[in-house]
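Asks: Shown below is the structure under consideration.
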Amino acid sequence: MSLREVLEQHAIYLPDDMLEALLIHRKKQEGRKVQLRLLSEQELAESIEWMAQIEVFKHIVPLWTDDHSNYVGLYAEGPLAYRLCYINHEETDLSPVYRNAASLIAELGQNPVQDWDQLHKDYPSGGDISAKQLTEDIRCKNELQAILEKDSSMEDDVRCQLLYSLMAITPVSEVDSLLLYVDDEDMYVQERACMLLGHHGYEPATELLKEVVKHGSPNGKLAARKALSMIRAKQMDMRIKKQTNLT
């Protein structure tokens, strides 16, 4: 059974150019040492079936594996359609890390033997994205927000994963919207908001982060400390660059 047939058997339909790119990628991987390989058709069918039984995984198609029970999955539908996430068997975080399969394929083509943590990711994005990508990310962010607002009774783990995705996809130009989640009742959401504010070096969050260090959840306190350290480091880098440019 072909890749297309396996997907269609499970009512999953991907664009022709994406399927073609995946097939070409598989041929290039044959006989090579790689850290992430495309699943075989049988592995794919089995993985789709067990993942479909779990609410947070139901829109995700696992495509790559490191053969250590970790996968890279593709969102097949919904606001995050065609973006990729990493499925870690130890800790669930389904926020997008690549914009599409082509982006990951290109990265793996350049770095076939690098570990996942060493690969360059698309998300969280910097300030160098195109106007089209910015528009797409804002649209996706707004759609995720609408889903969260519409269903206030969703399960905590589903809400958490949606917020992870929303925060990861938030562009630098809208990073102030993450402040809303710094005092979230879910300590994992609070933790992630703090870390992303630190990642972006968002200086206006400094006082709020200091409050989390004092009064936040255990996860939030640790993340807020790290975020403050990251913000200070970025401030120092900016001062050094400014002084270098003046001399």
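The way I read the labels, and the way they are meant: chains A, B, ... in the order of the structure tokens, residue 1 as the first residue of every chain, and ligand 1 as the first ligand shown, with later ones counted on from there.
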Considering only C-alpha atoms, tabulate each residue of stretch 145-238 of chain A that lies at most 12 Å from stretch 98-105 of chain A along with its nearest interatomic pair and the corresponding distance in Å to one decimal; arrange the rows by chain and ascending residue number and present them as CSV.

Replies:
```
residue,atom,partner,partner_atom,distance
A:Ser165,CA,A:Tyr98,CA,11.7
A:Ala168,CA,A:Tyr98,CA,10.7
A:Ile169,CA,A:Arg99,CA,9.6
```

Asks: Determine which residues of stretch 69-185 of chain A DSSP labels as strand (DSSP E or B) from the backbone of this structure, then write them out as a PyMOL selection string.

Replies: chain A and resi 71-75+84-87+96-98

Asks: Quick one: write out the picked residues with N, CA, C and O atoms as a compact mmCIF listing (two decimals), in the first residue's frame?

Replies:
```
# COMPACT_ATOMS: atom_id res chain seq x y z
N TYR A 71 8.55 11.15 17.68
CA TYR A 71 8.08 11.34 16.31
C TYR A 71 8.00 12.83 15.95
O TYR A 71 7.96 13.69 16.83
N VAL A 72 7.98 13.07 14.66
CA VAL A 72 7.60 14.40 14.16
C VAL A 72 6.28 14.20 13.44
O VAL A 72 6.16 13.36 12.55
N GLY A 73 5.27 14.96 13.87
CA GLY A 73 3.95 14.80 13.30
C GLY A 73 3.51 16.03 12.53
O GLY A 73 3.99 17.14 12.76
N LEU A 74 2.58 15.82 11.61
CA LEU A 74 2.04 16.89 10.79
C LEU A 74 0.57 17.10 11.13
O LEU A 74 -0.19 16.12 11.20
N TYR A 75 0.19 18.34 11.40
CA TYR A 75 -1.23 18.65 11.61
C TYR A 75 -1.94 18.53 10.26
O TYR A 75 -1.59 19.23 9.31
N LEU A 84 4.29 21.34 11.56
CA LEU A 84 4.84 20.14 12.17
C LEU A 84 5.11 20.34 13.65
O LEU A 84 5.50 21.43 14.09
N CYS A 85 4.91 19.28 14.43
CA CYS A 85 5.22 19.31 15.85
C CYS A 85 6.09 18.10 16.20
O CYS A 85 6.19 17.14 15.44
N TYR A 86 6.72 18.17 17.37
CA TYR A 86 7.56 17.09 17.85
C TYR A 86 6.81 16.33 18.94
O TYR A 86 6.32 16.94 19.89
N ILE A 87 6.73 15.03 18.80
CA ILE A 87 6.01 14.20 19.76
C ILE A 87 7.01 13.43 20.59
O ILE A 87 7.56 12.42 20.17
N PRO A 96 3.66 23.87 17.31
CA PRO A 96 4.36 23.78 16.03
C PRO A 96 5.82 24.20 16.13
O PRO A 96 6.15 25.14 16.86
N VAL A 97 6.66 23.49 15.40
CA VAL A 97 8.08 23.84 15.36
C VAL A 97 8.56 24.12 13.94
O VAL A 97 9.57 24.80 13.74
N TYR A 98 7.84 23.60 12.93
CA TYR A 98 8.14 23.90 11.52
C TYR A 98 6.87 24.33 10.81
O TYR A 98 5.78 23.83 11.10
```

Asks: Which residues come within 6 Å of stretch 133-150 of chain A, counting only C-alpha atoms, excluding same-chain residues fewer than 2 positions away, as an mmCIF file with N, CA, C and O atoms, in the first residue's frame?

Replies:
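So selection34.cif came out as:
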```
data_model
loop_
_atom_site.group_PDB
_atom_site.id
_atom_site.type_symbol
_atom_site.label_atom_id
_atom_site.label_comp_id
_atom_site.auth_asym_id
_atom_site.auth_seq_id
_atom_site.Cartn_x
_atom_site.Cartn_y
_atom_site.Cartn_z
ATOM 1 N N PRO A 79 -6.642 24.911 12.452
ATOM 2 C CA PRO A 79 -5.858 26.142 12.301
ATOM 3 C C PRO A 79 -4.378 25.900 12.048
ATOM 4 O O PRO A 79 -3.718 26.685 11.358
ATOM 5 N N SER A 130 8.554 36.686 6.665
ATOM 6 C CA SER A 130 7.979 37.485 5.582
ATOM 7 C C SER A 130 6.608 38.027 5.981
ATOM 8 O O SER A 130 5.995 37.563 6.957
ATOM 9 N N ALA A 131 6.126 38.980 5.216
ATOM 10 C CA ALA A 131 4.795 39.546 5.472
ATOM 11 C C ALA A 131 3.728 38.472 5.348
ATOM 12 O O ALA A 131 2.762 38.442 6.131
ATOM 13 N N LEU A 166 -0.677 28.222 20.521
ATOM 14 C CA LEU A 166 -0.976 29.649 20.343
ATOM 15 C C LEU A 166 0.230 30.502 20.709
ATOM 16 O O LEU A 166 0.599 31.432 19.979
#
```

Asks: I need the alpha helix (DSSP H) residues of stretch 9-120 of chain A per DSSP on the backbone, written as a PDB file with N, CA and C atoms, in the first residue's frame.

Replies:
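And here's states38.pdb as it stands now:
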```pdb
ATOM      1  N   GLN A   9      -6.943   5.970   3.369  1.00  0.00           N
ATOM      2  CA  GLN A   9      -7.675   4.942   4.118  1.00  0.00           C
ATOM      3  C   GLN A   9      -8.125   5.480   5.475  1.00  0.00           C
ATOM      4  N   ASP A  16      -0.849  17.260  -3.268  1.00  0.00           N
ATOM      5  CA  ASP A  16      -0.011  16.418  -4.120  1.00  0.00           C
ATOM      6  C   ASP A  16       1.459  16.794  -4.032  1.00  0.00           C
ATOM      7  N   ASP A  17       1.759  18.107  -3.978  1.00  0.00           N
ATOM      8  CA  ASP A  17       3.159  18.516  -3.942  1.00  0.00           C
ATOM      9  C   ASP A  17       3.833  18.097  -2.636  1.00  0.00           C
ATOM     10  N   MET A  18       3.066  18.054  -1.552  1.00  0.00           N
ATOM     11  CA  MET A  18       3.616  17.606  -0.273  1.00  0.00           C
ATOM     12  C   MET A  18       3.907  16.106  -0.302  1.00  0.00           C
ATOM     13  N   LEU A  19       2.980  15.339  -0.845  1.00  0.00           N
ATOM     14  CA  LEU A  19       3.199  13.897  -0.958  1.00  0.00           C
ATOM     15  C   LEU A  19       4.412  13.593  -1.832  1.00  0.00           C
ATOM     16  N   GLU A  20       4.538  14.321  -2.931  1.00  0.00           N
ATOM     17  CA  GLU A  20       5.678  14.127  -3.827  1.00  0.00           C
ATOM     18  C   GLU A  20       6.985  14.455  -3.117  1.00  0.00           C
ATOM     19  N   ALA A  21       6.986  15.535  -2.348  1.00  0.00           N
ATOM     20  CA  ALA A  21       8.188  15.926  -1.611  1.00  0.00           C
ATOM     21  C   ALA A  21       8.578  14.865  -0.585  1.00  0.00           C
ATOM     22  N   LEU A  22       7.584  14.275   0.071  1.00  0.00           N
ATOM     23  CA  LEU A  22       7.854  13.225   1.052  1.00  0.00           C
ATOM     24  C   LEU A  22       8.440  11.976   0.391  1.00  0.00           C
ATOM     25  N   LEU A  23       7.927  11.621  -0.762  1.00  0.00           N
ATOM     26  CA  LEU A  23       8.442  10.445  -1.478  1.00  0.00           C
ATOM     27  C   LEU A  23       9.877  10.667  -1.948  1.00  0.00           C
ATOM     28  N   ILE A  24      10.160  11.849  -2.446  1.00  0.00           N
ATOM     29  CA  ILE A  24      11.527  12.175  -2.877  1.00  0.00           C
ATOM     30  C   ILE A  24      12.473  12.154  -1.679  1.00  0.00           C
ATOM     31  N   HIS A  25      11.997  12.704  -0.575  1.00  0.00           N
ATOM     32  CA  HIS A  25      12.784  12.725   0.669  1.00  0.00           C
ATOM     33  C   HIS A  25      13.104  11.306   1.123  1.00  0.00           C
ATOM     34  N   ARG A  26      12.119  10.407   1.040  1.00  0.00           N
ATOM     35  CA  ARG A  26      12.338   9.019   1.448  1.00  0.00           C
ATOM     36  C   ARG A  26      13.419   8.358   0.591  1.00  0.00           C
ATOM     37  N   LYS A  27      13.372   8.592  -0.708  1.00  0.00           N
ATOM     38  CA  LYS A  27      14.378   8.000  -1.598  1.00  0.00           C
ATOM     39  C   LYS A  27      15.777   8.506  -1.266  1.00  0.00           C
ATOM     40  N   LYS A  28      15.875   9.799  -0.922  1.00  0.00           N
ATOM     41  CA  LYS A  28      17.179  10.369  -0.585  1.00  0.00           C
ATOM     42  C   LYS A  28      17.707   9.818   0.738  1.00  0.00           C
ATOM     43  N   GLN A  29      16.803   9.399   1.612  1.00  0.00           N
ATOM     44  CA  GLN A  29      17.223   8.849   2.903  1.00  0.00           C
ATOM     45  C   GLN A  29      17.705   7.401   2.799  1.00  0.00           C
ATOM     46  N   GLU A  41       5.039   2.538   5.407  1.00  0.00           N
ATOM     47  CA  GLU A  41       3.585   2.587   5.296  1.00  0.00           C
ATOM     48  C   GLU A  41       2.902   1.821   6.431  1.00  0.00           C
ATOM     49  N   GLN A  42       3.461   0.660   6.796  1.00  0.00           N
ATOM     50  CA  GLN A  42       2.872  -0.126   7.874  1.00  0.00           C
ATOM     51  C   GLN A  42       2.984   0.601   9.208  1.00  0.00           C
ATOM     52  N   GLU A  43       4.157   1.176   9.472  1.00  0.00           N
ATOM     53  CA  GLU A  43       4.357   1.931  10.714  1.00  0.00           C
ATOM     54  C   GLU A  43       3.407   3.127  10.765  1.00  0.00           C
ATOM     55  N   LEU A  44       3.246   3.782   9.641  1.00  0.00           N
ATOM     56  CA  LEU A  44       2.372   4.943   9.574  1.00  0.00           C
ATOM     57  C   LEU A  44       0.932   4.562   9.905  1.00  0.00           C
ATOM     58  N   ALA A  45       0.457   3.492   9.294  1.00  0.00           N
ATOM     59  CA  ALA A  45      -0.921   3.049   9.536  1.00  0.00           C
ATOM     60  C   ALA A  45      -1.137   2.715  11.005  1.00  0.00           C
ATOM     61  N   GLU A  46      -0.198   2.009  11.609  1.00  0.00           N
ATOM     62  CA  GLU A  46      -0.328   1.623  13.008  1.00  0.00           C
ATOM     63  C   GLU A  46      -0.288   2.849  13.922  1.00  0.00           C
ATOM     64  N   SER A  47       0.588   3.800  13.606  1.00  0.00           N
ATOM     65  CA  SER A  47       0.731   4.998  14.440  1.00  0.00           C
ATOM     66  C   SER A  47      -0.501   5.884  14.353  1.00  0.00           C
ATOM     67  N   ILE A  48      -1.054   6.018  13.157  1.00  0.00           N
ATOM     68  CA  ILE A  48      -2.271   6.824  12.997  1.00  0.00           C
ATOM     69  C   ILE A  48      -3.401   6.246  13.833  1.00  0.00           C
ATOM     70  N   GLU A  49      -3.516   4.917  13.831  1.00  0.00           N
ATOM     71  CA  GLU A  49      -4.612   4.261  14.545  1.00  0.00           C
ATOM     72  C   GLU A  49      -4.537   4.469  16.052  1.00  0.00           C
ATOM     73  N   TRP A  50      -3.336   4.343  16.628  1.00  0.00           N
ATOM     74  CA  TRP A  50      -3.273   4.503  18.083  1.00  0.00           C
ATOM     75  C   TRP A  50      -3.345   5.970  18.490  1.00  0.00           C
ATOM     76  N   MET A  51      -2.828   6.852  17.659  1.00  0.00           N
ATOM     77  CA  MET A  51      -2.883   8.270  18.000  1.00  0.00           C
ATOM     78  C   MET A  51      -4.295   8.830  17.883  1.00  0.00           C
ATOM     79  N   ALA A 101       6.196  20.678   5.888  1.00  0.00           N
ATOM     80  CA  ALA A 101       7.106  19.549   5.678  1.00  0.00           C
ATOM     81  C   ALA A 101       8.337  19.957   4.880  1.00  0.00           C
ATOM     82  N   ALA A 102       8.159  20.853   3.912  1.00  0.00           N
ATOM     83  CA  ALA A 102       9.282  21.277   3.082  1.00  0.00           C
ATOM     84  C   ALA A 102      10.381  21.922   3.912  1.00  0.00           C
ATOM     85  N   SER A 103       9.987  22.672   4.941  1.00  0.00           N
ATOM     86  CA  SER A 103      10.966  23.336   5.795  1.00  0.00           C
ATOM     87  C   SER A 103      11.818  22.328   6.555  1.00  0.00           C
ATOM     88  N   LEU A 104      11.172  21.305   7.125  1.00  0.00           N
ATOM     89  CA  LEU A 104      11.933  20.277   7.837  1.00  0.00           C
ATOM     90  C   LEU A 104      12.777  19.454   6.870  1.00  0.00           C
ATOM     91  N   ILE A 105      12.223  19.108   5.716  1.00  0.00           N
ATOM     92  CA  ILE A 105      12.973  18.321   4.730  1.00  0.00           C
ATOM     93  C   ILE A 105      14.245  19.053   4.325  1.00  0.00           C
ATOM     94  N   ALA A 106      14.146  20.356   4.128  1.00  0.00           N
ATOM     95  CA  ALA A 106      15.320  21.150   3.759  1.00  0.00           C
ATOM     96  C   ALA A 106      16.359  21.134   4.884  1.00  0.00           C
ATOM     97  N   GLU A 107      15.886  21.254   6.117  1.00  0.00           N
ATOM     98  CA  GLU A 107      16.803  21.247   7.264  1.00  0.00           C
ATOM     99  C   GLU A 107      17.473  19.885   7.416  1.00  0.00           C
ATOM    100  N   LEU A 108      16.720  18.803   7.245  1.00  0.00           N
ATOM    101  CA  LEU A 108      17.292  17.464   7.349  1.00  0.00           C
ATOM    102  C   LEU A 108      18.251  17.184   6.199  1.00  0.00           C
ATOM    103  N   GLY A 109      17.981  17.781   5.048  1.00  0.00           N
ATOM    104  CA  GLY A 109      18.883  17.615   3.914  1.00  0.00           C
ATOM    105  C   GLY A 109      20.250  18.203   4.197  1.00  0.00           C
ATOM    106  N   GLN A 110      20.269  19.299   4.938  1.00  0.00           N
ATOM    107  CA  GLN A 110      21.525  19.956   5.298  1.00  0.00           C
ATOM    108  C   GLN A 110      22.190  19.304   6.513  1.00  0.00           C
TER     109      GLN A 110
END
```

Asks: Here is a test: counting only C-alpha atoms, which residue of A:Tyr123, A:Tyr202, A:Tyr82, A:Tyr181 is nearest to A:Leu14?

Replies: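 Using only C-alpha atoms, A:Leu14 sits closest to A:Tyr82.
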
Asks: What's around stretch 215-229 of chain A at 7 Å? Count only C-alpha atoms, leave out sequence neighbours fewer than 5 positions away in its own chain, and write the answer as a PyMOL selection string.

Replies: chain A and resi 187-188+190-191+194-195+197-198+206+209

Asks: In Å, rounded to a single decimal, give me how far atom CA of A:Pro124 is from atom CA of A:Leu196.

Replies: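 Going from atom CA of A:Leu196 over to atom CA of A:Pro124, I get 8.0 Å.
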
Asks: Tell me which protein, DNA and RNA residues are within 7 Å of A:Arg37, counting only C-alpha atoms, leaving out same-chain ones fewer than 5 positions away, and put them as a ChimeraX atom specification.

Replies: /A:64-66

Asks: Could you tell me which of A:Leu94, A:Gly201, A:Leu178, A:Lys33 comes closest to A:Met238 if we count only C-alpha atoms?

Replies: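 Of A:Leu94, A:Gly201, A:Leu178, A:Lys33, the one nearest A:Met238 is A:Gly201, counting only C-alpha atoms.
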
Asks: Could you list, as a PyMOL selection string, every residue within 9 Å of A:Ile12, counting only C-alpha atoms and ignoring same-chain residues fewer than 4 positions away?

Replies: chain A and resi 4+6-8+61+76-77

Asks: Output C-alpha atoms of each residue in that selection to a file, as an mmCIF file, in the first residue's frame.

Replies:
```
data_model
loop_
_atom_site.group_PDB
_atom_site.id
_atom_site.type_symbol
_atom_site.label_atom_id
_atom_site.label_comp_id
_atom_site.auth_asym_id
_atom_site.auth_seq_id
_atom_site.Cartn_x
_atom_site.Cartn_y
_atom_site.Cartn_z
ATOM 1 C CA ARG A 4 -1.190 8.112 -0.355
ATOM 2 C CA VAL A 6 -2.531 4.681 3.756
ATOM 3 C CA LEU A 7 -3.478 8.299 4.354
ATOM 4 C CA GLU A 8 -6.667 8.131 2.314
ATOM 5 C CA VAL A 61 -0.189 12.413 11.407
ATOM 6 C CA ALA A 76 -3.592 17.381 8.905
ATOM 7 C CA GLU A 77 -6.423 19.851 9.592
#
```
